[in-house]
>>> print(open('protein-v1.pdb').read())   # PDB, C-alpha atoms, pLDDT in the B column
ATOM      1  CA  MET A   1      79.068 140.424  47.586  1.00 95.00           C
ATOM      2  CA  TYR A   2      77.260 143.622  48.506  1.00 97.00           C
ATOM      3  CA  LYS A   3      78.497 145.828  51.336  1.00 97.00           C
ATOM      4  CA  MET A   4      77.534 149.076  53.024  1.00 98.00           C
ATOM      5  CA  ALA A   5      80.088 151.386  54.637  1.00 98.00           C
ATOM      6  CA  VAL A   6      79.510 153.661  57.612  1.00 98.00           C
ATOM      7  CA  VAL A   7      82.100 156.389  58.133  1.00 98.00           C
ATOM      8  CA  MET A   8      82.172 157.730  61.698  1.00 98.00           C
ATOM      9  CA  ARG A   9      83.885 160.817  63.149  1.00 98.00           C
ATOM     10  CA  THR A  10      86.116 160.116  66.132  1.00 97.00           C
ATOM     11  CA  ASP A  11      87.012 163.763  66.827  1.00 96.00           C
ATOM     12  CA  ILE A  12      83.761 164.418  68.714  1.00 94.00           C
ATOM     13  CA  GLU A  13      82.832 163.001  72.114  1.00 91.00           C
ATOM     14  CA  MET A  14      80.373 160.166  71.770  1.00 93.00           C
ATOM     15  CA  GLY A  15      79.813 157.175  74.029  1.00 94.00           C
ATOM     16  CA  LYS A  16      79.417 153.681  72.569  1.00 95.00           C
ATOM     17  CA  GLY A  17      75.617 153.822  72.699  1.00 96.00           C
ATOM     18  CA  LYS A  18      75.552 157.186  70.961  1.00 96.00           C
ATOM     19  CA  MET A  19      77.837 155.892  68.203  1.00 97.00           C
ATOM     20  CA  CYS A  20      75.621 152.807  67.792  1.00 98.00           C
ATOM     21  CA  ALA A  21      72.553 155.005  67.392  1.00 97.00           C
ATOM     22  CA  GLN A  22      74.290 157.263  64.849  1.00 97.00           C
ATOM     23  CA  ALA A  23      75.503 154.284  62.811  1.00 98.00           C
ATOM     24  CA  SER A  24      71.967 152.878  62.894  1.00 98.00           C
ATOM     25  CA  HIS A  25      70.567 156.092  61.444  1.00 98.00           C
ATOM     26  CA  ALA A  26      73.225 155.997  58.723  1.00 98.00           C
ATOM     27  CA  VAL A  27      72.420 152.402  57.763  1.00 98.00           C
ATOM     28  CA  LEU A  28      68.656 152.844  57.781  1.00 98.00           C
ATOM     29  CA  ASP A  29      68.650 156.159  55.909  1.00 98.00           C
ATOM     30  CA  THR A  30      71.154 154.910  53.348  1.00 98.00           C
ATOM     31  CA  TYR A  31      69.200 151.700  52.862  1.00 98.00           C
ATOM     32  CA  LEU A  32      66.018 153.715  52.207  1.00 98.00           C
ATOM     33  CA  GLU A  33      67.932 155.884  49.725  1.00 98.00           C
ATOM     34  CA  ALA A  34      69.213 152.725  48.007  1.00 98.00           C
ATOM     35  CA  VAL A  35      65.672 151.350  47.760  1.00 98.00           C
ATOM     36  CA  ARG A  36      64.825 154.549  45.885  1.00 97.00           C
ATOM     37  CA  ILE A  37      67.800 154.830  43.528  1.00 97.00           C
ATOM     38  CA  ARG A  38      69.397 151.336  43.426  1.00 96.00           C
ATOM     39  CA  PRO A  39      66.699 148.844  44.424  1.00 97.00           C
ATOM     40  CA  ASP A  40      68.695 145.990  42.873  1.00 97.00           C
ATOM     41  CA  TYR A  41      71.579 146.669  45.262  1.00 97.00           C
ATOM     42  CA  ALA A  42      69.244 147.114  48.242  1.00 98.00           C
ATOM     43  CA  VAL A  43      67.507 143.790  47.622  1.00 97.00           C
ATOM     44  CA  GLY A  44      70.764 141.923  46.990  1.00 97.00           C
ATOM     45  CA  TRP A  45      72.386 143.287  50.137  1.00 98.00           C
ATOM     46  CA  LEU A  46      69.429 142.321  52.346  1.00 97.00           C
ATOM     47  CA  ALA A  47      69.339 138.834  50.824  1.00 96.00           C
ATOM     48  CA  GLU A  48      73.054 138.353  51.547  1.00 96.00           C
ATOM     49  CA  GLY A  49      72.727 139.331  55.221  1.00 94.00           C
ATOM     50  CA  GLU A  50      73.412 143.100  55.229  1.00 96.00           C
ATOM     51  CA  LYS A  51      77.213 143.238  55.389  1.00 96.00           C
ATOM     52  CA  VAL A  52      78.229 146.507  57.079  1.00 97.00           C
ATOM     53  CA  VAL A  53      81.734 147.838  57.659  1.00 97.00           C
ATOM     54  CA  VAL A  54      82.258 150.725  60.094  1.00 98.00           C
ATOM     55  CA  LEU A  55      85.229 152.995  59.364  1.00 98.00           C
ATOM     56  CA  LYS A  56      86.637 156.067  61.061  1.00 98.00           C
ATOM     57  CA  VAL A  57      87.851 159.543  60.227  1.00 98.00           C
ATOM     58  CA  ASN A  58      89.344 162.219  62.473  1.00 97.00           C
ATOM     59  CA  SER A  59      87.658 165.385  61.256  1.00 97.00           C
ATOM     60  CA  LYS A  60      84.503 166.825  59.768  1.00 97.00           C
ATOM     61  CA  GLU A  61      86.486 167.936  56.707  1.00 97.00           C
ATOM     62  CA  GLU A  62      87.681 164.407  55.955  1.00 97.00           C
ATOM     63  CA  LEU A  63      84.162 163.077  56.457  1.00 98.00           C
ATOM     64  CA  MET A  64      82.602 165.636  54.128  1.00 98.00           C
ATOM     65  CA  ASP A  65      85.224 165.067  51.420  1.00 97.00           C
ATOM     66  CA  LEU A  66      84.509 161.328  51.469  1.00 97.00           C
ATOM     67  CA  TYR A  67      80.758 161.854  51.580  1.00 98.00           C
ATOM     68  CA  ASN A  68      80.852 164.175  48.597  1.00 97.00           C
ATOM     69  CA  ALA A  69      82.997 161.679  46.668  1.00 95.00           C
ATOM     70  CA  ALA A  70      80.767 158.724  47.583  1.00 96.00           C
ATOM     71  CA  LYS A  71      77.416 160.301  46.804  1.00 96.00           C
ATOM     72  CA  LYS A  72      78.404 160.880  43.171  1.00 95.00           C
ATOM     73  CA  TYR A  73      77.896 157.224  42.390  1.00 92.00           C
ATOM     74  CA  LEU A  74      76.611 155.443  45.509  1.00 97.00           C
ATOM     75  CA  PRO A  75      73.473 155.775  47.616  1.00 97.00           C
ATOM     76  CA  ALA A  76      74.741 157.881  50.543  1.00 98.00           C
ATOM     77  CA  LYS A  77      73.191 159.682  53.492  1.00 98.00           C
ATOM     78  CA  LEU A  78      74.698 162.051  56.021  1.00 98.00           C
ATOM     79  CA  VAL A  79      73.623 161.867  59.671  1.00 97.00           C
ATOM     80  CA  VAL A  80      73.129 165.194  61.421  1.00 95.00           C
ATOM     81  CA  ASP A  81      72.444 164.820  65.133  1.00 88.00           C
ATOM     82  CA  ALA A  82      69.340 166.393  66.628  1.00 77.00           C
ATOM     83  CA  GLY A  83      71.465 167.382  69.634  1.00 72.00           C
ATOM     84  CA  ARG A  84      69.265 165.959  72.365  1.00 68.00           C
ATOM     85  CA  THR A  85      72.288 164.346  74.050  1.00 68.00           C
ATOM     86  CA  GLN A  86      76.090 164.528  74.101  1.00 71.00           C
ATOM     87  CA  VAL A  87      76.718 166.637  70.979  1.00 73.00           C
ATOM     88  CA  GLU A  88      75.497 170.026  69.777  1.00 75.00           C
ATOM     89  CA  GLU A  89      72.442 170.296  67.542  1.00 76.00           C
ATOM     90  CA  GLY A  90      73.369 170.102  63.897  1.00 86.00           C
ATOM     91  CA  THR A  91      76.578 168.134  64.457  1.00 93.00           C
ATOM     92  CA  VAL A  92      77.492 165.901  61.516  1.00 96.00           C
ATOM     93  CA  THR A  93      78.415 162.555  63.106  1.00 97.00           C
ATOM     94  CA  CYS A  94      78.704 159.989  60.300  1.00 98.00           C
ATOM     95  CA  PHE A  95      77.413 158.890  56.926  1.00 98.00           C
ATOM     96  CA  GLY A  96      76.460 155.681  55.189  1.00 98.00           C
ATOM     97  CA  ALA A  97      77.305 154.685  51.606  1.00 98.00           C
ATOM     98  CA  GLY A  98      76.038 151.742  49.625  1.00 97.00           C
ATOM     99  CA  PRO A  99      75.102 149.024  49.527  1.00 98.00           C
ATOM    100  CA  ALA A 100      77.132 148.228  46.432  1.00 98.00           C
ATOM    101  CA  PRO A 101      79.383 145.422  45.251  1.00 97.00           C
ATOM    102  CA  GLU A 102      82.459 145.320  47.505  1.00 96.00           C
ATOM    103  CA  PRO A 103      84.985 146.596  44.916  1.00 95.00           C
ATOM    104  CA  GLU A 104      82.891 149.748  44.405  1.00 94.00           C
ATOM    105  CA  ILE A 105      82.890 150.413  48.154  1.00 96.00           C
ATOM    106  CA  ASP A 106      86.574 149.598  48.565  1.00 94.00           C
ATOM    107  CA  LYS A 107      87.488 151.973  45.729  1.00 92.00           C
ATOM    108  CA  VAL A 108      86.407 154.963  47.846  1.00 93.00           C
ATOM    109  CA  PHE A 109      87.116 153.743  51.377  1.00 96.00           C
ATOM    110  CA  SER A 110      90.098 151.388  51.208  1.00 93.00           C
ATOM    111  CA  LYS A 111      92.417 153.854  52.964  1.00 94.00           C
ATOM    112  CA  LEU A 112      90.244 154.161  56.058  1.00 97.00           C
ATOM    113  CA  LYS A 113      90.759 152.133  59.223  1.00 97.00           C
ATOM    114  CA  LEU A 114      88.055 150.153  60.996  1.00 96.00           C
ATOM    115  CA  LEU A 115      86.424 151.914  63.957  1.00 96.00           C
TER     116      LEU A 115
ATOM    117  CA  MET B 116      56.948 160.496  70.585  1.00 95.00           C
ATOM    118  CA  TYR B 117      57.974 157.212  68.980  1.00 97.00           C
ATOM    119  CA  LYS B 118      61.144 155.434  70.053  1.00 97.00           C
ATOM    120  CA  MET B 119      63.042 152.280  69.173  1.00 98.00           C
ATOM    121  CA  ALA B 120      65.184 150.410  71.699  1.00 98.00           C
ATOM    122  CA  VAL B 121      68.293 148.388  70.943  1.00 98.00           C
ATOM    123  CA  VAL B 122      69.423 146.008  73.690  1.00 98.00           C
ATOM    124  CA  MET B 123      73.093 145.000  73.412  1.00 98.00           C
ATOM    125  CA  ARG B 124      75.062 142.289  75.208  1.00 98.00           C
ATOM    126  CA  THR B 125      78.209 143.485  76.944  1.00 97.00           C
ATOM    127  CA  ASP B 126      79.388 140.028  78.054  1.00 96.00           C
ATOM    128  CA  ILE B 127      80.916 139.222  74.657  1.00 94.00           C
ATOM    129  CA  GLU B 128      83.999 140.844  73.181  1.00 91.00           C
ATOM    130  CA  MET B 129      83.051 143.364  70.528  1.00 93.00           C
ATOM    131  CA  GLY B 130      84.901 146.458  69.411  1.00 94.00           C
ATOM    132  CA  LYS B 131      83.062 149.728  68.860  1.00 95.00           C
ATOM    133  CA  GLY B 132      82.728 149.206  65.120  1.00 96.00           C
ATOM    134  CA  LYS B 133      81.364 145.717  65.584  1.00 96.00           C
ATOM    135  CA  MET B 134      78.789 146.991  68.080  1.00 97.00           C
ATOM    136  CA  CYS B 135      77.773 149.761  65.668  1.00 98.00           C
ATOM    137  CA  ALA B 136      77.240 147.210  62.899  1.00 97.00           C
ATOM    138  CA  GLN B 137      75.191 144.929  65.160  1.00 97.00           C
ATOM    139  CA  ALA B 138      73.008 147.823  66.346  1.00 98.00           C
ATOM    140  CA  SER B 139      72.496 148.846  62.726  1.00 98.00           C
ATOM    141  CA  HIS B 140      71.242 145.373  61.835  1.00 98.00           C
ATOM    142  CA  ALA B 141      68.873 145.504  64.815  1.00 98.00           C
ATOM    143  CA  VAL B 142      67.448 148.879  63.805  1.00 98.00           C
ATOM    144  CA  LEU B 143      67.047 148.049  60.118  1.00 98.00           C
ATOM    145  CA  ASP B 144      65.549 144.591  60.686  1.00 98.00           C
ATOM    146  CA  THR B 145      63.203 145.848  63.382  1.00 98.00           C
ATOM    147  CA  TYR B 146      62.133 148.782  61.218  1.00 98.00           C
ATOM    148  CA  LEU B 147      61.324 146.393  58.351  1.00 98.00           C
ATOM    149  CA  GLU B 148      59.336 144.207  60.762  1.00 98.00           C
ATOM    150  CA  ALA B 149      57.463 147.296  61.984  1.00 98.00           C
ATOM    151  CA  VAL B 150      56.624 148.261  58.387  1.00 98.00           C
ATOM    152  CA  ARG B 151      55.008 144.832  58.094  1.00 97.00           C
ATOM    153  CA  ILE B 152      53.086 144.659  61.380  1.00 97.00           C
ATOM    154  CA  ARG B 153      52.805 148.267  62.634  1.00 96.00           C
ATOM    155  CA  PRO B 154      53.208 150.560  59.606  1.00 97.00           C
ATOM    156  CA  ASP B 155      51.611 153.432  61.528  1.00 97.00           C
ATOM    157  CA  TYR B 156      54.410 153.291  64.123  1.00 97.00           C
ATOM    158  CA  ALA B 157      57.091 152.881  61.444  1.00 98.00           C
ATOM    159  CA  VAL B 158      55.910 155.925  59.512  1.00 97.00           C
ATOM    160  CA  GLY B 159      55.494 158.069  62.645  1.00 97.00           C
ATOM    161  CA  TRP B 160      58.950 157.177  63.944  1.00 98.00           C
ATOM    162  CA  LEU B 161      60.656 158.032  60.638  1.00 97.00           C
ATOM    163  CA  ALA B 162      58.774 161.330  60.431  1.00 96.00           C
ATOM    164  CA  GLU B 163      59.909 162.278  63.946  1.00 96.00           C
ATOM    165  CA  GLY B 164      63.581 161.610  63.227  1.00 94.00           C
ATOM    166  CA  GLU B 165      64.076 157.966  64.254  1.00 96.00           C
ATOM    167  CA  LYS B 166      64.711 158.244  67.996  1.00 96.00           C
ATOM    168  CA  VAL B 167      66.862 155.283  69.085  1.00 97.00           C
ATOM    169  CA  VAL B 168      68.006 154.391  72.595  1.00 97.00           C
ATOM    170  CA  VAL B 169      70.785 151.811  73.043  1.00 98.00           C
ATOM    171  CA  LEU B 170      70.663 149.819  76.283  1.00 98.00           C
ATOM    172  CA  LYS B 171      72.830 147.076  77.737  1.00 98.00           C
ATOM    173  CA  VAL B 172      72.518 143.673  79.381  1.00 98.00           C
ATOM    174  CA  ASN B 173      75.211 141.404  80.802  1.00 97.00           C
ATOM    175  CA  SER B 174      74.121 137.971  79.608  1.00 97.00           C
ATOM    176  CA  LYS B 175      72.419 136.068  76.818  1.00 97.00           C
ATOM    177  CA  GLU B 176      69.753 134.903  79.287  1.00 97.00           C
ATOM    178  CA  GLU B 177      68.797 138.457  80.236  1.00 97.00           C
ATOM    179  CA  LEU B 178      68.725 139.443  76.577  1.00 98.00           C
ATOM    180  CA  MET B 179      66.503 136.521  75.586  1.00 98.00           C
ATOM    181  CA  ASP B 180      64.092 137.120  78.477  1.00 97.00           C
ATOM    182  CA  LEU B 181      63.653 140.745  77.414  1.00 97.00           C
ATOM    183  CA  TYR B 182      63.374 139.851  73.751  1.00 98.00           C
ATOM    184  CA  ASN B 183      60.671 137.282  74.450  1.00 97.00           C
ATOM    185  CA  ALA B 184      58.780 139.789  76.592  1.00 96.00           C
ATOM    186  CA  ALA B 185      59.089 142.559  73.991  1.00 96.00           C
ATOM    187  CA  LYS B 186      58.071 140.581  70.945  1.00 96.00           C
ATOM    188  CA  LYS B 187      54.673 139.769  72.452  1.00 95.00           C
ATOM    189  CA  TYR B 188      53.451 143.261  71.698  1.00 92.00           C
ATOM    190  CA  LEU B 189      56.177 145.169  69.860  1.00 96.00           C
ATOM    191  CA  PRO B 190      57.901 144.703  66.515  1.00 97.00           C
ATOM    192  CA  ALA B 191      61.182 143.025  67.556  1.00 98.00           C
ATOM    193  CA  LYS B 192      64.099 141.354  65.812  1.00 98.00           C
ATOM    194  CA  LEU B 193      67.031 139.416  67.194  1.00 98.00           C
ATOM    195  CA  VAL B 194      70.484 139.814  65.631  1.00 97.00           C
ATOM    196  CA  VAL B 195      72.499 136.621  65.224  1.00 95.00           C
ATOM    197  CA  ASP B 196      76.026 137.255  64.024  1.00 88.00           C
ATOM    198  CA  ALA B 197      77.294 135.521  60.889  1.00 77.00           C
ATOM    199  CA  GLY B 198      80.606 135.036  62.697  1.00 72.00           C
ATOM    200  CA  ARG B 199      82.899 136.453  60.038  1.00 68.00           C
ATOM    201  CA  THR B 200      84.777 138.524  62.639  1.00 68.00           C
ATOM    202  CA  GLN B 201      85.294 138.783  66.403  1.00 71.00           C
ATOM    203  CA  VAL B 202      82.505 136.479  67.643  1.00 73.00           C
ATOM    204  CA  GLU B 203      81.541 132.857  66.897  1.00 75.00           C
ATOM    205  CA  GLU B 204      78.994 132.050  64.215  1.00 76.00           C
ATOM    206  CA  GLY B 205      75.482 132.023  65.606  1.00 86.00           C
ATOM    207  CA  THR B 206      76.220 134.375  68.502  1.00 93.00           C
ATOM    208  CA  VAL B 207      73.204 136.413  69.582  1.00 96.00           C
ATOM    209  CA  THR B 208      74.531 139.960  69.957  1.00 97.00           C
ATOM    210  CA  CYS B 209      71.513 142.283  70.385  1.00 98.00           C
ATOM    211  CA  PHE B 210      67.907 142.926  69.455  1.00 98.00           C
ATOM    212  CA  GLY B 211      65.738 145.827  68.447  1.00 98.00           C
ATOM    213  CA  ALA B 212      62.210 146.553  69.662  1.00 98.00           C
ATOM    214  CA  GLY B 213      59.792 149.159  68.391  1.00 97.00           C
ATOM    215  CA  PRO B 214      59.279 151.739  67.246  1.00 98.00           C
ATOM    216  CA  ALA B 215      56.393 152.445  69.579  1.00 98.00           C
ATOM    217  CA  PRO B 216      55.203 155.376  71.690  1.00 97.00           C
ATOM    218  CA  GLU B 217      57.804 156.002  74.422  1.00 96.00           C
ATOM    219  CA  PRO B 218      55.686 154.755  77.369  1.00 95.00           C
ATOM    220  CA  GLU B 219      55.276 151.369  75.672  1.00 94.00           C
ATOM    221  CA  ILE B 220      59.041 151.053  75.226  1.00 96.00           C
ATOM    222  CA  ASP B 221      59.809 152.280  78.735  1.00 94.00           C
ATOM    223  CA  LYS B 222      57.379 149.762  80.244  1.00 92.00           C
ATOM    224  CA  VAL B 223      59.657 146.903  79.151  1.00 93.00           C
ATOM    225  CA  PHE B 224      63.079 148.520  79.289  1.00 96.00           C
ATOM    226  CA  SER B 225      63.041 151.144  82.042  1.00 93.00           C
ATOM    227  CA  LYS B 226      65.325 149.119  84.328  1.00 94.00           C
ATOM    228  CA  LEU B 227      68.140 148.886  81.781  1.00 97.00           C
ATOM    229  CA  LYS B 228      71.112 151.241  81.670  1.00 97.00           C
ATOM    230  CA  LEU B 229      72.315 153.083  78.597  1.00 96.00           C
ATOM    231  CA  LEU B 230      75.209 151.445  76.755  1.00 96.00           C
TER     232      LEU B 230
END
>>> encode(input="protein-v1.pdb", output="structure tokens")
Amino acid sequence: MYKMAVVMRTDIEMGKGKMCAQASHAVLDTYLEAVRIRPDYAVGWLAEGEKVVVLKVNSKEELMDLYNAAKKYLPAKLVVDAGRTQVEEGTVTCFGAGPAPEPEIDKVFSKLKLL
Amino acid sequence: MYKMAVVMRTDIEMGKGKMCAQASHAVLDTYLEAVRIRPDYAVGWLAEGEKVVVLKVNSKEELMDLYNAAKKYLPAKLVVDAGRTQVEEGTVTCFGAGPAPEPEIDKVFSKLKLL
């Protein structure tokens, strides 16, 4: 089964609605990247119902390390907030990675806890 | 400016990660619907940075009334959970509407509070 992961920072102040919007940007942007570089994965994931898992990290450093590891072999997109509300402009809030077969996602993210 | 709205139920038990995943499905599915029926809005919204506002309602009835009103003249997609975690299979969790110019979105959703 195909899965996409969203990795969200919890060390910055964001309300539930803000987090939902950031995760949405991650999923959409990563999906569009997948359409470009792994259309087979993108199509398969949509057909299976778009499984998404949302994980958390406690710092920008941890997020960037995981993002840099993921983007080597998965479609991945970083979300940088425009700073209209709640956080400063240019704040990295989360990223998406995938979709890919579950074992490929789990290989990178299995140590993270669910948000 | 173009905007998409996500309307989320708060009367069902969902953790933050679950809500983020549901909102992501709403945004992606509604974007894909917009590409089909209002590609001009879809392209404009992406180019402007994908503004998303996440709103809340307290019941399925309120959500369905708004969804039925919105879909008459906006791209709109309902999210029905597969029920793998947290909520029962077939639970309606949220919907997306738009993107559209902000006044068109506000016309339908201006009475709702931010999640």
>>> resolve_selection(input="protein-v1.pdb", expression="the ChimeraX specification (/B :<8) & /A", output="ChimeraX atom specification")
/A:15-21,23-25,27-28,50,52-55,114-115
>>> closest_residue(input="protein-v1.pdb", among="A:Thr93, A:Glu13, A:Gln86, A:Thr30", to="Glu62 in chain A", atoms="only C-alpha atoms")
A:Thr93
>>> atom_distance(input="protein-v1.pdb", atom1="CA of Thr125 in chain B", atom2="CA of Ser174 in chain B")
7.4 Å
>>> resolve_selection(input="protein-v1.pdb", expression="the PyMOL selection byres ((chain A and resi 71) around 12)", output="PDB file with C-alpha atoms, keeping the file's coordinate frame")
ATOM      1  CA  THR A  30      71.154 154.910  53.348  1.00 98.00           C
ATOM      2  CA  GLU A  33      67.932 155.884  49.725  1.00 98.00           C
ATOM      3  CA  ALA A  34      69.213 152.725  48.007  1.00 98.00           C
ATOM      4  CA  ILE A  37      67.800 154.830  43.528  1.00 97.00           C
ATOM      5  CA  MET A  64      82.602 165.636  54.128  1.00 98.00           C
ATOM      6  CA  ASP A  65      85.224 165.067  51.420  1.00 97.00           C
ATOM      7  CA  LEU A  66      84.509 161.328  51.469  1.00 97.00           C
ATOM      8  CA  TYR A  67      80.758 161.854  51.580  1.00 98.00           C
ATOM      9  CA  ASN A  68      80.852 164.175  48.597  1.00 97.00           C
ATOM     10  CA  ALA A  69      82.997 161.679  46.668  1.00 95.00           C
ATOM     11  CA  ALA A  70      80.767 158.724  47.583  1.00 96.00           C
ATOM     12  CA  LYS A  72      78.404 160.880  43.171  1.00 95.00           C
ATOM     13  CA  TYR A  73      77.896 157.224  42.390  1.00 92.00           C
ATOM     14  CA  LEU A  74      76.611 155.443  45.509  1.00 97.00           C
ATOM     15  CA  PRO A  75      73.473 155.775  47.616  1.00 97.00           C
ATOM     16  CA  ALA A  76      74.741 157.881  50.543  1.00 98.00           C
ATOM     17  CA  LYS A  77      73.191 159.682  53.492  1.00 98.00           C
ATOM     18  CA  LEU A  78      74.698 162.051  56.021  1.00 98.00           C
ATOM     19  CA  PHE A  95      77.413 158.890  56.926  1.00 98.00           C
ATOM     20  CA  GLY A  96      76.460 155.681  55.189  1.00 98.00           C
ATOM     21  CA  ALA A  97      77.305 154.685  51.606  1.00 98.00           C
ATOM     22  CA  GLY A  98      76.038 151.742  49.625  1.00 97.00           C
ATOM     23  CA  PRO A  99      75.102 149.024  49.527  1.00 98.00           C
ATOM     24  CA  ILE A 105      82.890 150.413  48.154  1.00 96.00           C
ATOM     25  CA  VAL A 108      86.407 154.963  47.846  1.00 93.00           C
TER      26      VAL A 108
END
>>> atom_distance(input="protein-v1.pdb", atom1="CA of Glu204 in chain B", atom2="CA of Asp126 in chain B")
16.0 Å
>>> axis_aligned_box(input="protein-v1.pdb", around="range 157-164 of chain B", padding_each_side="6 Å", output="lines of an AutoDock Vina configuration file")
center_x = 59.5
center_y = 157.6
center_z = 61.7
size_x = 20.1
size_y = 21.4
size_z = 16.4
>>> atom_distance(input="protein-v1.pdb", atom1="CA of Glu176 in chain B", atom2="CA of Met129 in chain B")
18.0 Å
>>> closest_residue(input="protein-v1.pdb", among="B:Arg124, B:Lys222, B:Met119, B:Ala157", to="Asn173 in chain B", atoms="all atoms listed in the file")
B:Arg124
>>> resolve_selection(input="protein-v1.pdb", expression="the PyMOL selection byres ((chain A and resi 91) around 10)", output="list in words")
Ile12, Lys60, Val79, Val80, Asp81, Ala82, Gly83, Val87, Glu88, Glu89, Gly90, Val92, Thr93 and Cys94 of chain A
>>> build_atoms(input="protein-v1.pdb", residues="range 172-183 of chain B", atoms="N, CA, C and O atoms", output="mmCIF file, in the coordinates of the input")
data_model
loop_
_atom_site.group_PDB
_atom_site.id
_atom_site.type_symbol
_atom_site.label_atom_id
_atom_site.label_comp_id
_atom_site.auth_asym_id
_atom_site.auth_seq_id
_atom_site.Cartn_x
_atom_site.Cartn_y
_atom_site.Cartn_z
ATOM 1 N N VAL B 172 72.729 144.789 78.453
ATOM 2 C CA VAL B 172 72.518 143.673 79.381
ATOM 3 C C VAL B 172 73.829 142.897 79.470
ATOM 4 O O VAL B 172 74.688 143.005 78.595
ATOM 5 N N ASN B 173 73.950 142.100 80.540
ATOM 6 C CA ASN B 173 75.211 141.404 80.802
ATOM 7 C C ASN B 173 75.227 139.919 80.465
ATOM 8 O O ASN B 173 76.208 139.237 80.754
ATOM 9 N N SER B 174 74.129 139.404 79.920
ATOM 10 C CA SER B 174 74.121 137.971 79.608
ATOM 11 C C SER B 174 73.140 137.676 78.488
ATOM 12 O O SER B 174 72.202 138.451 78.227
ATOM 13 N N LYS B 175 73.343 136.526 77.861
ATOM 14 C CA LYS B 175 72.419 136.068 76.818
ATOM 15 C C LYS B 175 71.044 135.794 77.425
ATOM 16 O O LYS B 175 70.020 136.073 76.797
ATOM 17 N N GLU B 176 71.020 135.246 78.647
ATOM 18 C CA GLU B 176 69.753 134.903 79.287
ATOM 19 C C GLU B 176 68.893 136.152 79.482
ATOM 20 O O GLU B 176 67.700 136.168 79.190
ATOM 21 N N GLU B 177 69.531 137.208 80.008
ATOM 22 C CA GLU B 177 68.797 138.457 80.236
ATOM 23 C C GLU B 177 68.276 139.016 78.910
ATOM 24 O O GLU B 177 67.133 139.472 78.799
ATOM 25 N N LEU B 178 69.131 138.947 77.889
ATOM 26 C CA LEU B 178 68.725 139.443 76.577
ATOM 27 C C LEU B 178 67.533 138.654 76.034
ATOM 28 O O LEU B 178 66.551 139.235 75.555
ATOM 29 N N MET B 179 67.586 137.342 76.141
ATOM 30 C CA MET B 179 66.503 136.521 75.586
ATOM 31 C C MET B 179 65.195 136.718 76.355
ATOM 32 O O MET B 179 64.113 136.737 75.754
ATOM 33 N N ASP B 180 65.303 136.866 77.691
ATOM 34 C CA ASP B 180 64.092 137.120 78.477
ATOM 35 C C ASP B 180 63.411 138.415 78.023
ATOM 36 O O ASP B 180 62.185 138.473 77.857
ATOM 37 N N LEU B 181 64.212 139.457 77.837
ATOM 38 C CA LEU B 181 63.653 140.745 77.414
ATOM 39 C C LEU B 181 63.103 140.678 75.996
ATOM 40 O O LEU B 181 62.052 141.250 75.694
ATOM 41 N N TYR B 182 63.833 139.992 75.141
ATOM 42 C CA TYR B 182 63.374 139.851 73.751
ATOM 43 C C TYR B 182 62.028 139.132 73.706
ATOM 44 O O TYR B 182 61.097 139.561 73.013
ATOM 45 N N ASN B 183 61.924 138.047 74.451
ATOM 46 C CA ASN B 183 60.671 137.282 74.450
ATOM 47 C C ASN B 183 59.509 138.085 75.036
ATOM 48 O O ASN B 183 58.370 137.978 74.570
#
